[in-house]
>>> print(open('my_file.cif').read())   # mmCIF, C-alpha atoms
data_coords
loop_
_atom_site.label_atom_id
_atom_site.label_comp_id
_atom_site.auth_asym_id
_atom_site.auth_seq_id
_atom_site.Cartn_x
_atom_site.Cartn_y
_atom_site.Cartn_z
CA MET A 27 -27.76 -11.40 14.97
CA LYS A 28 -26.39 -11.97 11.49
CA PRO A 29 -23.17 -14.04 11.60
CA PRO A 30 -20.01 -12.33 10.35
CA ALA A 31 -19.09 -12.86 6.73
CA PRO A 32 -16.45 -15.55 6.20
CA SER A 33 -12.91 -14.34 5.71
CA ALA A 34 -11.19 -14.80 2.38
CA ILE A 35 -9.14 -17.58 3.97
CA GLU A 36 -12.32 -19.40 5.02
CA THR A 37 -13.84 -18.86 1.59
CA ALA A 38 -10.78 -20.36 -0.11
CA ALA A 39 -10.97 -23.36 2.23
CA GLY A 40 -14.66 -23.79 1.40
CA LEU A 41 -13.93 -23.65 -2.31
CA ALA A 42 -11.15 -26.24 -1.92
CA ALA A 43 -13.44 -28.53 0.07
CA GLY A 44 -16.31 -28.14 -2.38
CA THR A 45 -18.66 -26.73 0.25
CA LEU A 46 -18.86 -23.37 -1.53
CA ASP A 47 -19.77 -22.77 -5.15
CA ALA A 48 -17.33 -20.57 -7.06
CA THR A 49 -19.89 -19.57 -9.68
CA SER A 50 -22.38 -18.32 -7.10
CA LEU A 51 -19.73 -16.44 -5.14
CA LEU A 52 -18.35 -14.71 -8.21
CA THR A 53 -21.82 -13.79 -9.45
CA GLU A 54 -22.57 -12.21 -6.07
CA SER A 55 -19.25 -10.32 -6.17
CA PHE A 56 -20.01 -8.88 -9.59
CA ALA A 57 -23.47 -7.82 -8.41
CA ARG A 58 -21.90 -5.88 -5.52
CA ILE A 59 -19.42 -4.23 -7.85
CA ASP A 60 -22.13 -3.30 -10.37
CA ALA A 61 -24.18 -1.70 -7.59
CA ALA A 62 -21.28 0.26 -6.04
CA GLU A 63 -19.14 1.31 -9.00
CA PRO A 64 -21.30 4.13 -10.43
CA THR A 65 -20.60 6.04 -7.23
CA LEU A 66 -17.36 4.58 -5.85
CA ARG A 67 -15.38 4.54 -9.13
CA ALA A 68 -12.68 2.20 -7.79
CA PHE A 69 -12.11 0.44 -11.13
CA THR A 70 -10.87 1.68 -14.49
CA ALA A 71 -11.55 -1.60 -16.33
CA ARG A 72 -13.21 -4.92 -15.45
CA LEU A 73 -13.91 -8.33 -16.85
CA ASP A 74 -17.50 -9.08 -17.76
CA LEU A 75 -19.11 -11.85 -15.74
CA PRO A 76 -19.16 -14.57 -18.48
CA THR A 77 -15.45 -14.07 -19.16
CA ALA A 78 -14.66 -14.18 -15.45
CA LEU A 79 -16.71 -17.35 -14.93
CA ALA A 80 -14.96 -19.02 -17.83
CA GLN A 81 -11.56 -18.55 -16.16
CA ILE A 82 -12.46 -20.22 -12.86
CA PRO A 83 -11.82 -23.88 -13.84
CA ALA A 84 -8.18 -23.13 -14.69
CA LEU A 85 -7.43 -21.38 -11.37
CA THR A 86 -6.12 -24.03 -9.02
CA GLY A 87 -3.63 -22.28 -6.74
CA PRO A 88 -4.21 -21.36 -3.09
CA LEU A 89 -6.42 -18.37 -3.98
CA ARG A 90 -8.92 -20.73 -5.66
CA GLY A 91 -10.32 -18.11 -8.02
CA LEU A 92 -10.78 -15.37 -5.42
CA PRO A 93 -11.10 -11.95 -7.12
CA VAL A 94 -8.09 -9.64 -7.15
CA ALA A 95 -7.91 -6.01 -8.31
CA LEU A 96 -4.65 -4.71 -9.78
CA LYS A 97 -3.62 -1.06 -9.65
CA ASP A 98 -3.58 0.52 -13.10
CA ILE A 99 0.10 1.27 -12.85
CA PHE A 100 0.92 -2.30 -13.99
CA ASP A 101 0.92 -3.36 -17.64
CA THR A 102 -1.81 -5.83 -18.58
CA ARG A 103 -2.63 -7.53 -21.87
CA ASP A 104 -6.29 -8.15 -20.98
CA PHE A 105 -7.15 -4.65 -19.75
CA PRO A 106 -6.39 -1.08 -20.80
CA THR A 107 -3.26 0.31 -19.15
CA ARG A 108 -3.36 4.07 -18.65
CA TYR A 109 -1.34 4.77 -15.48
CA GLY A 110 -3.95 7.29 -14.37
CA SER A 111 -3.09 9.55 -17.31
CA ALA A 112 -5.02 10.74 -20.35
CA LEU A 113 -1.73 10.50 -22.26
CA TYR A 114 -2.19 6.78 -22.68
CA PRO A 115 -4.96 5.30 -24.84
CA THR A 116 -7.53 2.84 -23.60
CA GLU A 117 -5.59 -0.10 -25.02
CA PRO A 118 -3.97 -3.14 -23.41
CA ALA A 119 -0.23 -3.34 -23.02
CA ARG A 120 1.74 -5.74 -25.21
CA VAL A 121 3.16 -7.70 -22.26
CA ASP A 122 1.82 -8.45 -18.79
CA ALA A 123 3.64 -7.15 -15.75
CA ALA A 124 5.28 -9.83 -13.62
CA MET A 125 2.59 -9.40 -10.95
CA VAL A 126 -0.08 -10.60 -13.39
CA GLY A 127 1.64 -13.97 -13.66
CA VAL A 128 2.21 -14.05 -9.90
CA ILE A 129 -1.50 -13.54 -9.24
CA ARG A 130 -2.61 -16.14 -11.77
CA ARG A 131 -0.08 -18.75 -10.68
CA ALA A 132 -1.43 -18.35 -7.15
CA GLY A 133 -4.94 -19.03 -8.46
CA GLY A 134 -6.20 -15.46 -8.24
CA LEU A 135 -8.86 -14.20 -10.63
CA LEU A 136 -7.67 -10.83 -11.91
CA ILE A 137 -11.05 -9.16 -12.39
CA GLY A 138 -9.94 -5.64 -13.23
CA LYS A 139 -7.71 -2.61 -12.90
CA SER A 140 -8.14 -0.32 -9.90
CA SER A 141 -7.70 3.41 -10.22
CA THR A 142 -4.45 5.22 -9.55
CA THR A 143 -3.48 8.83 -9.38
CA GLU A 144 -1.61 10.20 -12.40
CA PHE A 145 1.56 8.08 -12.73
CA ALA A 146 1.12 7.23 -9.03
CA PHE A 147 1.89 10.79 -7.91
CA LEU A 148 -0.40 13.30 -6.18
CA ASN A 149 -3.03 14.41 -8.71
CA PRO A 150 -6.26 12.86 -7.34
CA THR A 151 -8.25 10.20 -9.12
CA ALA A 152 -12.06 10.00 -9.20
CA THR A 153 -12.37 7.26 -6.56
CA LEU A 154 -14.35 8.01 -3.40
CA ASN A 155 -13.73 6.83 0.15
CA PRO A 156 -16.38 4.28 1.22
CA ASN A 157 -15.64 4.72 4.94
CA ALA A 158 -15.14 8.50 5.11
CA PRO A 159 -17.80 10.22 2.99
CA GLY A 160 -16.68 13.53 1.51
CA ARG A 161 -13.02 12.77 2.18
CA THR A 162 -10.20 11.55 -0.04
CA PRO A 163 -9.40 7.83 -0.21
CA GLY A 164 -5.75 8.85 -0.44
CA GLY A 165 -3.30 7.95 -3.13
CA SER A 166 -1.83 6.71 -5.17
CA SER A 167 -3.41 3.27 -4.65
CA ALA A 168 -6.84 4.82 -4.18
CA GLY A 169 -8.88 2.29 -6.15
CA SER A 170 -7.25 -0.72 -4.54
CA ALA A 171 -7.86 0.54 -1.00
CA ALA A 172 -11.43 1.62 -1.74
CA ALA A 173 -12.37 -1.63 -3.51
CA VAL A 174 -11.33 -3.69 -0.49
CA ALA A 175 -12.84 -1.24 2.01
CA ALA A 176 -16.18 -1.42 0.20
CA GLY A 177 -16.13 -5.21 0.20
CA LEU A 178 -16.00 -5.45 -3.60
CA VAL A 179 -12.91 -7.68 -3.67
CA PRO A 180 -11.11 -9.56 -0.90
CA PHE A 181 -7.68 -8.58 -2.19
CA ALA A 182 -6.04 -5.81 -4.20
CA ILE A 183 -2.54 -4.88 -5.32
CA GLY A 184 -1.04 -1.42 -4.92
CA THR A 185 2.38 0.20 -4.96
CA GLN A 186 4.27 2.49 -2.61
CA THR A 187 7.09 4.89 -3.42
CA GLY A 188 6.46 7.25 -0.52
CA GLY A 189 3.27 6.22 1.30
CA SER A 190 0.88 5.00 -1.37
CA VAL A 191 -0.19 1.74 0.32
CA ILE A 192 -0.15 2.59 4.01
CA ARG A 193 -1.79 6.03 3.67
CA PRO A 194 -4.88 5.02 1.61
CA ALA A 195 -5.28 1.95 3.82
CA SER A 196 -5.36 4.29 6.82
CA TYR A 197 -7.85 6.67 5.23
CA CYS A 198 -10.18 3.87 4.04
CA GLY A 199 -9.94 1.74 7.18
CA VAL A 200 -8.44 -1.47 5.73
CA THR A 201 -5.25 -3.47 6.11
CA GLY A 202 -2.36 -2.35 3.94
CA PHE A 203 0.89 -4.31 3.81
CA LYS A 204 4.08 -2.82 2.37
CA PRO A 205 6.49 -5.75 2.36
CA SER A 206 10.23 -5.60 2.50
CA PHE A 207 11.71 -4.12 -0.66
CA GLY A 208 11.85 -6.74 -3.40
CA LEU A 209 9.47 -9.32 -1.90
CA LEU A 210 7.11 -8.91 -4.88
CA PRO A 211 8.24 -8.07 -8.44
CA THR A 212 8.06 -4.57 -9.90
CA ALA A 213 8.87 -5.59 -13.49
CA GLY A 214 6.20 -4.23 -15.80
CA LEU A 215 4.90 -1.45 -13.60
CA LYS A 216 5.24 2.15 -14.78
CA CYS A 217 8.39 3.08 -12.90
CA PHE A 218 8.37 6.23 -10.80
CA SER A 219 11.52 5.57 -8.78
CA TRP A 220 13.45 2.36 -9.35
CA SER A 221 15.11 2.55 -5.94
CA LEU A 222 11.84 3.01 -4.06
CA ASP A 223 8.84 1.52 -5.93
CA THR A 224 7.47 -1.33 -3.81
CA VAL A 225 4.51 -3.64 -4.51
CA GLY A 226 2.01 -3.74 -1.64
CA LEU A 227 -1.21 -5.51 -0.72
CA PHE A 228 -4.67 -4.68 0.60
CA ALA A 229 -7.02 -6.97 2.52
CA ALA A 230 -9.82 -6.74 5.07
CA SER A 231 -7.66 -7.94 7.98
CA VAL A 232 -4.05 -8.61 8.87
CA PRO A 233 -4.34 -12.43 8.77
CA GLU A 234 -5.91 -12.20 5.32
CA ALA A 235 -3.13 -9.89 4.12
CA ALA A 236 -0.50 -12.29 5.48
CA TRP A 237 -2.19 -15.27 3.82
CA PHE A 238 -2.44 -13.37 0.53
CA ALA A 239 1.23 -12.40 0.75
CA GLN A 240 2.21 -16.02 1.26
CA ALA A 241 0.08 -17.17 -1.67
CA LEU A 242 1.79 -14.64 -3.96
CA SER A 243 5.36 -14.85 -2.72
CA GLY A 244 5.72 -18.46 -1.63
CA ARG A 245 7.28 -17.22 1.62
CA ALA A 246 6.09 -18.49 5.01
CA LEU A 247 4.05 -15.42 5.95
CA ALA A 248 0.61 -16.80 6.82
CA LEU A 249 -0.21 -16.52 10.52
CA ASP A 250 -0.95 -19.50 12.73
CA ALA A 251 -2.81 -19.81 16.01
CA ALA A 252 0.32 -20.06 18.16
CA PRO A 253 0.20 -18.12 21.45
CA PRO A 254 1.42 -14.56 20.90
CA LYS A 255 4.84 -13.64 22.20
CA PRO A 256 5.24 -10.80 24.73
CA TRP A 257 5.81 -8.11 22.11
CA VAL A 258 8.16 -5.22 22.83
CA VAL A 259 6.68 -2.24 20.99
CA GLY A 260 8.56 1.01 20.56
CA VAL A 261 6.50 4.21 20.34
CA PRO A 262 8.44 7.33 19.29
CA GLU A 263 8.02 10.34 21.54
CA ALA A 264 8.43 12.83 18.68
CA TYR A 265 9.04 12.98 14.95
CA PRO A 266 11.41 15.23 13.00
CA TRP A 267 8.93 15.75 10.14
CA ALA A 268 5.77 16.87 12.00
CA GLU A 269 4.00 17.33 15.29
CA LEU A 270 1.34 14.75 16.08
CA SER A 271 -2.18 15.83 15.23
CA PRO A 272 -5.01 15.34 17.77
CA SER A 273 -6.28 12.41 15.67
CA ALA A 274 -2.84 10.78 15.59
CA ARG A 275 -2.49 11.19 19.35
CA GLN A 276 -5.92 9.70 19.93
CA ALA A 277 -5.17 6.69 17.73
CA LEU A 278 -1.76 6.12 19.32
CA GLU A 279 -3.27 6.28 22.79
CA ALA A 280 -5.94 3.76 21.81
CA GLY A 281 -3.34 1.44 20.31
CA SER A 282 -0.96 1.77 23.25
CA GLN A 283 -3.68 1.09 25.82
CA ALA A 284 -4.97 -1.90 23.87
CA LEU A 285 -1.50 -3.39 23.46
CA LYS A 286 -0.62 -2.84 27.10
CA ALA A 287 -3.85 -4.52 28.21
CA ALA A 288 -3.01 -7.46 25.92
CA GLY A 289 0.39 -7.90 27.59
CA ALA A 290 2.78 -5.99 25.34
CA ASP A 291 5.79 -4.18 26.73
CA MET A 292 5.32 -0.58 25.58
CA ARG A 293 8.48 1.52 25.39
CA ARG A 294 8.76 5.22 24.69
CA ILE A 295 11.72 5.77 22.39
CA THR A 296 13.60 8.62 20.77
CA LEU A 297 14.11 8.33 17.03
CA PRO A 298 17.80 8.38 16.05
CA GLY A 299 19.17 11.40 14.19
CA TRP A 300 19.74 9.44 10.99
CA ILE A 301 15.96 9.00 10.56
CA LYS A 302 15.66 12.63 9.46
CA ASP A 303 18.59 12.10 7.11
CA VAL A 304 16.94 9.15 5.35
CA PHE A 305 13.63 11.02 5.27
CA ASP A 306 15.32 13.83 3.35
CA ALA A 307 17.25 11.38 1.17
CA GLN A 308 14.00 9.74 0.05
CA ASP A 309 12.83 12.98 -1.54
CA ILE A 310 16.14 13.48 -3.38
CA ILE A 311 16.27 9.91 -4.68
CA GLN A 312 12.65 9.97 -5.78
CA GLY A 313 13.00 13.29 -7.57
CA TYR A 314 16.22 12.39 -9.35
CA GLU A 315 14.83 9.10 -10.58
CA VAL A 316 11.36 10.27 -11.65
CA TRP A 317 12.89 13.03 -13.79
CA ARG A 318 14.45 10.19 -15.76
CA SER A 319 11.60 7.69 -15.49
CA LEU A 320 9.07 10.11 -16.99
CA ALA A 321 11.47 11.66 -19.50
CA TRP A 322 9.27 10.96 -22.54
CA GLU A 323 6.15 12.34 -20.88
CA VAL A 324 7.70 15.57 -19.67
CA ASP A 325 9.89 16.18 -22.74
CA HIS A 326 7.19 15.55 -25.35
CA HIS A 327 3.83 15.97 -23.60
CA SER A 328 4.42 18.38 -20.76
CA ASP A 329 1.14 20.21 -21.44
CA ALA A 330 -0.80 16.99 -20.92
CA LEU A 331 0.52 16.56 -17.38
CA SER A 332 -1.23 17.95 -14.33
CA ASP A 333 0.24 21.13 -12.89
CA ILE A 334 1.28 19.37 -9.69
CA LEU A 335 3.23 16.66 -11.54
CA ARG A 336 4.73 18.97 -14.16
CA ASN A 337 5.96 21.44 -11.55
CA TYR A 338 7.41 18.62 -9.46
CA LEU A 339 9.29 17.20 -12.45
CA LEU A 340 10.66 20.58 -13.49
CA ALA A 341 11.94 21.17 -9.97
CA ALA A 342 13.39 17.65 -9.79
CA ARG A 343 15.57 18.22 -12.86
CA ASN A 344 17.76 20.46 -10.69
CA ILE A 345 18.83 17.56 -8.44
CA THR A 346 22.48 16.94 -9.26
CA PRO A 347 24.17 13.57 -9.65
CA ALA A 348 26.33 14.47 -6.66
CA ALA A 349 23.26 15.09 -4.49
CA TYR A 350 21.74 11.83 -5.67
CA GLU A 351 24.89 9.86 -4.91
CA ALA A 352 25.08 11.42 -1.44
CA ALA A 353 21.42 10.52 -0.82
CA GLN A 354 22.08 6.93 -1.88
CA ARG A 355 25.01 6.76 0.55
CA THR A 356 22.74 8.08 3.29
CA ALA A 357 20.17 5.41 2.41
CA SER A 358 22.78 2.66 2.56
CA GLU A 359 24.11 3.88 5.89
CA GLY A 360 20.57 4.14 7.27
CA ARG A 361 19.76 0.57 6.29
CA LYS A 362 22.85 -0.68 8.10
CA ALA A 363 22.05 1.36 11.19
CA CYS A 364 18.42 0.24 11.14
CA ALA A 365 19.30 -3.42 11.68
CA ASP A 366 21.22 -2.61 14.87
CA TRP A 367 18.61 -0.14 16.09
CA PHE A 368 15.83 -2.74 16.05
CA GLU A 369 17.69 -4.85 18.61
CA GLY A 370 16.06 -2.73 21.32
CA PHE A 371 12.45 -3.67 20.46
CA ASP A 372 10.45 -5.98 18.19
CA VAL A 373 8.44 -3.43 16.20
CA LEU A 374 7.63 0.25 16.09
CA MET A 375 4.14 1.71 16.24
CA THR A 376 3.51 5.10 14.64
CA PRO A 377 0.58 6.85 12.96
CA SER A 378 0.01 5.61 9.42
CA ALA A 379 -0.81 9.12 8.23
CA PRO A 380 -0.71 12.63 9.70
CA ASP A 381 -4.46 12.68 10.36
CA GLU A 382 -7.79 11.32 9.23
CA ALA A 383 -8.42 11.59 5.50
CA PRO A 384 -8.48 15.27 4.49
CA ALA A 385 -11.91 16.66 3.65
CA GLY A 386 -12.69 17.13 -0.01
CA TYR A 387 -10.99 15.67 -3.06
CA GLY A 388 -8.31 18.23 -3.90
CA SER A 389 -5.53 16.40 -2.07
CA THR A 390 -4.54 12.77 -1.49
CA GLY A 391 -2.83 13.59 1.80
CA ALA A 392 0.82 13.48 2.82
CA ALA A 393 3.29 10.57 3.07
CA ILE A 394 5.45 12.05 5.81
CA PHE A 395 4.92 9.13 8.21
CA ASN A 396 5.88 6.61 5.52
CA ARG A 397 8.73 7.98 3.43
CA ALA A 398 11.65 7.04 5.70
CA TRP A 399 10.43 3.46 6.11
CA THR A 400 9.93 3.05 2.37
CA LEU A 401 13.51 4.15 1.74
CA LEU A 402 14.79 1.79 4.42
CA GLY A 403 12.90 -1.07 2.74
CA VAL A 404 11.47 -2.40 6.01
CA PRO A 405 8.04 -4.09 6.27
CA CYS A 406 5.10 -1.94 7.34
CA VAL A 407 1.45 -2.75 8.04
CA ASN A 408 -1.47 -0.38 8.42
CA VAL A 409 -3.72 -1.71 11.17
CA ALA A 410 -7.29 -0.47 11.06
CA GLY A 411 -9.53 -0.15 14.09
CA ALA A 412 -8.69 3.22 15.60
CA THR A 413 -10.38 6.51 14.73
CA GLY A 414 -9.54 10.18 14.71
CA VAL A 415 -11.27 13.01 16.49
CA ASN A 416 -14.03 13.17 13.87
CA GLY A 417 -14.76 9.46 14.01
CA PHE A 418 -13.15 8.59 10.67
CA PRO A 419 -10.50 5.86 10.24
CA MET A 420 -7.07 6.67 11.61
CA GLY A 421 -4.63 3.85 11.01
CA LEU A 422 -1.73 2.69 13.14
CA GLN A 423 1.48 1.67 11.39
CA ILE A 424 3.44 -1.32 12.63
CA ILE A 425 7.02 -1.20 11.34
CA GLY A 426 9.22 -4.28 11.43
CA ALA A 427 12.94 -4.88 11.44
CA PRO A 428 14.71 -5.35 8.08
CA HIS A 429 13.35 -8.44 6.28
CA ALA A 430 11.26 -9.45 9.33
CA ASP A 431 8.01 -9.48 7.36
CA ARG A 432 6.36 -12.33 9.22
CA ALA A 433 7.16 -10.87 12.64
CA CYS A 434 5.80 -7.52 11.47
CA LEU A 435 2.56 -9.17 10.34
CA GLN A 436 2.32 -11.13 13.60
CA ALA A 437 2.69 -7.98 15.67
CA ALA A 438 0.16 -6.17 13.47
CA ALA A 439 -2.33 -9.01 13.97
CA PHE A 440 -1.70 -8.80 17.72
CA LEU A 441 -2.54 -5.07 17.63
CA GLU A 442 -5.61 -5.70 15.47
CA ARG A 443 -6.97 -8.24 17.96
CA ALA A 444 -6.19 -5.95 20.88
CA LEU A 445 -8.06 -3.05 19.30
CA ASN A 446 -11.06 -5.27 18.60
CA VAL A 447 -11.16 -6.35 22.26
CA ALA A 448 -10.67 -2.86 23.68
#
>>> encode(input="my_file.cif", output="structure tokens")
Amino acid sequence: MKPPAPSAIETAAGLAAGTLDATSLLTESFARIDAAEPTLRAFTARLDLPTALAQIPALTGPLRGLPVALKDIFDTRDFPTRYGSALYPTEPARVDAAMVGVIRRAGGLLIGKSSTTEFAFLNPTATLNPNAPGRTPGGSSAGSAAAVAAGLVPFAIGTQTGGSVIRPASYCGVTGFKPSFGLLPTAGLKCFSWSLDTVGLFAASVPEAAWFAQALSGRALALDAAPPKPWVVGVPEAYPWAELSPSARQALEAGSQALKAAGADMRRITLPGWIKDVFDAQDIIQGYEVWRSLAWEVDHHSDALSDILRNYLLAARNITPAAYEAAQRTASEGRKACADWFEGFDVLMTPSAPDEAPAGYGSTGAAIFNRAWTLLGVPCVNVAGATGVNGFPMGLQIIGAPHADRACLQAAAFLERALNVA
């Protein structure tokens, strides 16, 4: 039997120890990308191999030159920046986004830009789903999720305003980590909603995502081998935004059984009434802010926008300042209530998405299982390993208490191990 491929953490350790050759590894990575990209279309721009190899000696941080893909919603001087829109030319930006410096200071090799939907909204991009043929990879971080799922890069950067990290991670069957609001910098990304835009990460497993998050943020997020605590996991009985689909029920049952067998205390809970309030507030805040964020595009180039984005923007202009202020008050009250609510359990487990990835490429799916948590700013992790009724990936979302990113990642890793044993 062929041994499993080393994790990115093991690869970085081998590079640091000199037992692995960075040139050979990068050459092999580029060969995989060259073979997959004509069909997958996860990237919008890439370094050529000689340029990438030339950068390796200067990359000395914890990532040790490991390849990283960056969603094409961030400004970059070395790559074209188009935000998923034909409105913007294939030219580099004048200034790098803050995340570019974060990646490079951590020793990451930024090898290219991954595809995004138009301005990170709902109009699909050309990327395919490597783990669900004929089905959407989701959005808006489609290229980042697909590139990791296909094994082209160990790490990728995405963003989430509603559900744009957790949902594509669910559809593609990879780990997606939406940290607490503000853990990673948004300066230099094309703003959609300044109150909601959150930088997120993709990796092949939860420990790799945690290690990557620590390398980028400097926070103590990497997971150790300490014995797991007896996790108390809350599982909502119902949701105010949708009934559970058969695939969601199947995945939740698999996760619950695996966690219970691993020693977790599983508790059925009722979501508080204010959850629906913050869910509704997210839509108001997002709409009010994007009408202002994309003012130039809609005022001067409305015809160049997709119908779905243009219609959304024109509807959003009717959101009043009073409604926006009320929604922001609701958000603030919800964040205060959330801290107290989490005293009854360690983490929540919910579906990451309503269902398996929708068939076809006309939709990127819905963010209904993510929007409230994005507004609350709490950490969330998509854990891969479950499937829906058709056998395609169906992620489980672990949601942590406010600012409890490491505990959220620990619980997600516990679930990941439990699913692999089950």
>>> resolve_selection(input="my_file.cif", expression="the PyMOL selection byres ((chain A and resi 116-122) around 10)", output="PDB file with C-alpha atoms, keeping the file's coordinate frame")
ATOM      1  CA  THR A  70     -10.870   1.680 -14.490  1.00  0.00           C
ATOM      2  CA  ALA A  71     -11.550  -1.600 -16.330  1.00  0.00           C
ATOM      3  CA  PHE A 100       0.920  -2.300 -13.990  1.00  0.00           C
ATOM      4  CA  ASP A 101       0.920  -3.360 -17.640  1.00  0.00           C
ATOM      5  CA  THR A 102      -1.810  -5.830 -18.580  1.00  0.00           C
ATOM      6  CA  ARG A 103      -2.630  -7.530 -21.870  1.00  0.00           C
ATOM      7  CA  ASP A 104      -6.290  -8.150 -20.980  1.00  0.00           C
ATOM      8  CA  PHE A 105      -7.150  -4.650 -19.750  1.00  0.00           C
ATOM      9  CA  PRO A 106      -6.390  -1.080 -20.800  1.00  0.00           C
ATOM     10  CA  THR A 107      -3.260   0.310 -19.150  1.00  0.00           C
ATOM     11  CA  ARG A 108      -3.360   4.070 -18.650  1.00  0.00           C
ATOM     12  CA  ALA A 112      -5.020  10.740 -20.350  1.00  0.00           C
ATOM     13  CA  LEU A 113      -1.730  10.500 -22.260  1.00  0.00           C
ATOM     14  CA  TYR A 114      -2.190   6.780 -22.680  1.00  0.00           C
ATOM     15  CA  PRO A 115      -4.960   5.300 -24.840  1.00  0.00           C
ATOM     16  CA  ALA A 123       3.640  -7.150 -15.750  1.00  0.00           C
ATOM     17  CA  ALA A 124       5.280  -9.830 -13.620  1.00  0.00           C
ATOM     18  CA  MET A 125       2.590  -9.400 -10.950  1.00  0.00           C
ATOM     19  CA  VAL A 126      -0.080 -10.600 -13.390  1.00  0.00           C
ATOM     20  CA  GLY A 127       1.640 -13.970 -13.660  1.00  0.00           C
ATOM     21  CA  ALA A 213       8.870  -5.590 -13.490  1.00  0.00           C
ATOM     22  CA  GLY A 214       6.200  -4.230 -15.800  1.00  0.00           C
ATOM     23  CA  LEU A 215       4.900  -1.450 -13.600  1.00  0.00           C
TER      24      LEU A 215
END
>>> axis_aligned_box(input="my_file.cif", around="stretch 183-194 of chain A", padding_each_side="6 Å", output="JSON")
{"center_x": 1.1, "center_y": 1.2, "center_z": -0.7, "size_x": 24.0, "size_y": 24.1, "size_z": 21.3}
>>> resolve_selection(input="my_file.cif", expression="the PyMOL selection byres ((chain A and resi 435) around 8)", output="NGL selection string")
:A and (232-233 or 236 or 247 or 249 or 407 or 431-434 or 436-439)
>>> closest_atom_pairs(input="my_file.cif", of="stretch 211-258 of chain A", to="stretch 363-377 of chain A", cutoff="12 Å", atoms="only C-alpha atoms", output="CSV")
residue,atom,partner,partner_atom,distance
A:Lys255,CA,A:Asp372,CA,10.3
A:Pro256,CA,A:Asp372,CA,9.7
A:Trp257,CA,A:Asp372,CA,6.4
A:Val258,CA,A:Phe371,CA,5.1
>>> write_last_selection(input="my_file.cif", atoms="C-alpha atoms", output="PDB file, in the frame of the given file")
ATOM      1  CA  LYS A 255       4.840 -13.640  22.200  1.00  0.00           C
ATOM      2  CA  PRO A 256       5.240 -10.800  24.730  1.00  0.00           C
ATOM      3  CA  TRP A 257       5.810  -8.110  22.110  1.00  0.00           C
ATOM      4  CA  VAL A 258       8.160  -5.220  22.830  1.00  0.00           C
TER       5      VAL A 258
END
>>> closest_atom_pairs(input="my_file.cif", of="stretch 131-201 of chain A", to="stretch 41-61 of chain A", cutoff="10 Å", atoms="all atoms listed in the file", output="Markdown table")
| residue | atom | partner | partner_atom | distance |
| --- | --- | --- | --- | --- |
| A:Leu135 | CA | A:Leu52 | CA | 9.8 |
| A:Ile137 | CA | A:Phe56 | CA | 9.4 |
| A:Ala173 | CA | A:Ile59 | CA | 8.7 |
| A:Ala176 | CA | A:Ile59 | CA | 9.1 |
| A:Gly177 | CA | A:Arg58 | CA | 8.2 |
| A:Leu178 | CA | A:Ile59 | CA | 5.6 |
| A:Val179 | CA | A:Ser55 | CA | 7.3 |
| A:Pro180 | CA | A:Ser55 | CA | 9.7 |
>>> closest_residue(input="my_file.cif", among="A:Ala246, A:Ile99, A:Ile301, A:Val94", to="A:Ala229", atoms="all atoms listed in the file")
A:Val94
>>> atom_distance(input="my_file.cif", atom1="atom CA of A:Ser196", atom2="atom CA of A:Met420")
5.6 Å
>>> residues_around(input="my_file.cif", residues="A:Ser273", least_positions_apart="5", cutoff="9 Å", atoms="all atoms listed in the file", output="mmCIF file with C-alpha atoms, in the frame of the given file")
data_model
loop_
_atom_site.group_PDB
_atom_site.id
_atom_site.type_symbol
_atom_site.label_atom_id
_atom_site.label_comp_id
_atom_site.auth_asym_id
_atom_site.auth_seq_id
_atom_site.Cartn_x
_atom_site.Cartn_y
_atom_site.Cartn_z
ATOM 1 C CA LEU A 278 -1.760 6.120 19.320
ATOM 2 C CA PRO A 380 -0.710 12.630 9.700
ATOM 3 C CA ASP A 381 -4.460 12.680 10.360
ATOM 4 C CA GLU A 382 -7.790 11.320 9.230
ATOM 5 C CA THR A 413 -10.380 6.510 14.730
ATOM 6 C CA GLY A 414 -9.540 10.180 14.710
ATOM 7 C CA VAL A 415 -11.270 13.010 16.490
ATOM 8 C CA ASN A 416 -14.030 13.170 13.870
ATOM 9 C CA MET A 420 -7.070 6.670 11.610
#
>>> resolve_selection(input="my_file.cif", expression="the PyMOL selection byres ((chain A and resi 223) around 8)", output="MDAnalysis selection string")
chainID A and resid 185:187 212 217:222 224:225
>>> residues_near_point(input="my_file.cif", point="(9.5, 10.9, 20.7)", cutoff="12 Å", atoms="all atoms listed in the file", output="ChimeraX atom specification")
/A:260-270,293-299,374-376
>>> write_last_selection(input="my_file.cif", atoms="C-alpha atoms", output="mmCIF file, keeping the file's coordinate frame")
data_model
loop_
_atom_site.group_PDB
_atom_site.id
_atom_site.type_symbol
_atom_site.label_atom_id
_atom_site.label_comp_id
_atom_site.auth_asym_id
_atom_site.auth_seq_id
_atom_site.Cartn_x
_atom_site.Cartn_y
_atom_site.Cartn_z
ATOM 1 C CA GLY A 260 8.560 1.010 20.560
ATOM 2 C CA VAL A 261 6.500 4.210 20.340
ATOM 3 C CA PRO A 262 8.440 7.330 19.290
ATOM 4 C CA GLU A 263 8.020 10.340 21.540
ATOM 5 C CA ALA A 264 8.430 12.830 18.680
ATOM 6 C CA TYR A 265 9.040 12.980 14.950
ATOM 7 C CA PRO A 266 11.410 15.230 13.000
ATOM 8 C CA TRP A 267 8.930 15.750 10.140
ATOM 9 C CA ALA A 268 5.770 16.870 12.000
ATOM 10 C CA GLU A 269 4.000 17.330 15.290
ATOM 11 C CA LEU A 270 1.340 14.750 16.080
ATOM 12 C CA ARG A 293 8.480 1.520 25.390
ATOM 13 C CA ARG A 294 8.760 5.220 24.690
ATOM 14 C CA ILE A 295 11.720 5.770 22.390
ATOM 15 C CA THR A 296 13.600 8.620 20.770
ATOM 16 C CA LEU A 297 14.110 8.330 17.030
ATOM 17 C CA PRO A 298 17.800 8.380 16.050
ATOM 18 C CA GLY A 299 19.170 11.400 14.190
ATOM 19 C CA LEU A 374 7.630 0.250 16.090
ATOM 20 C CA MET A 375 4.140 1.710 16.240
ATOM 21 C CA THR A 376 3.510 5.100 14.640
#
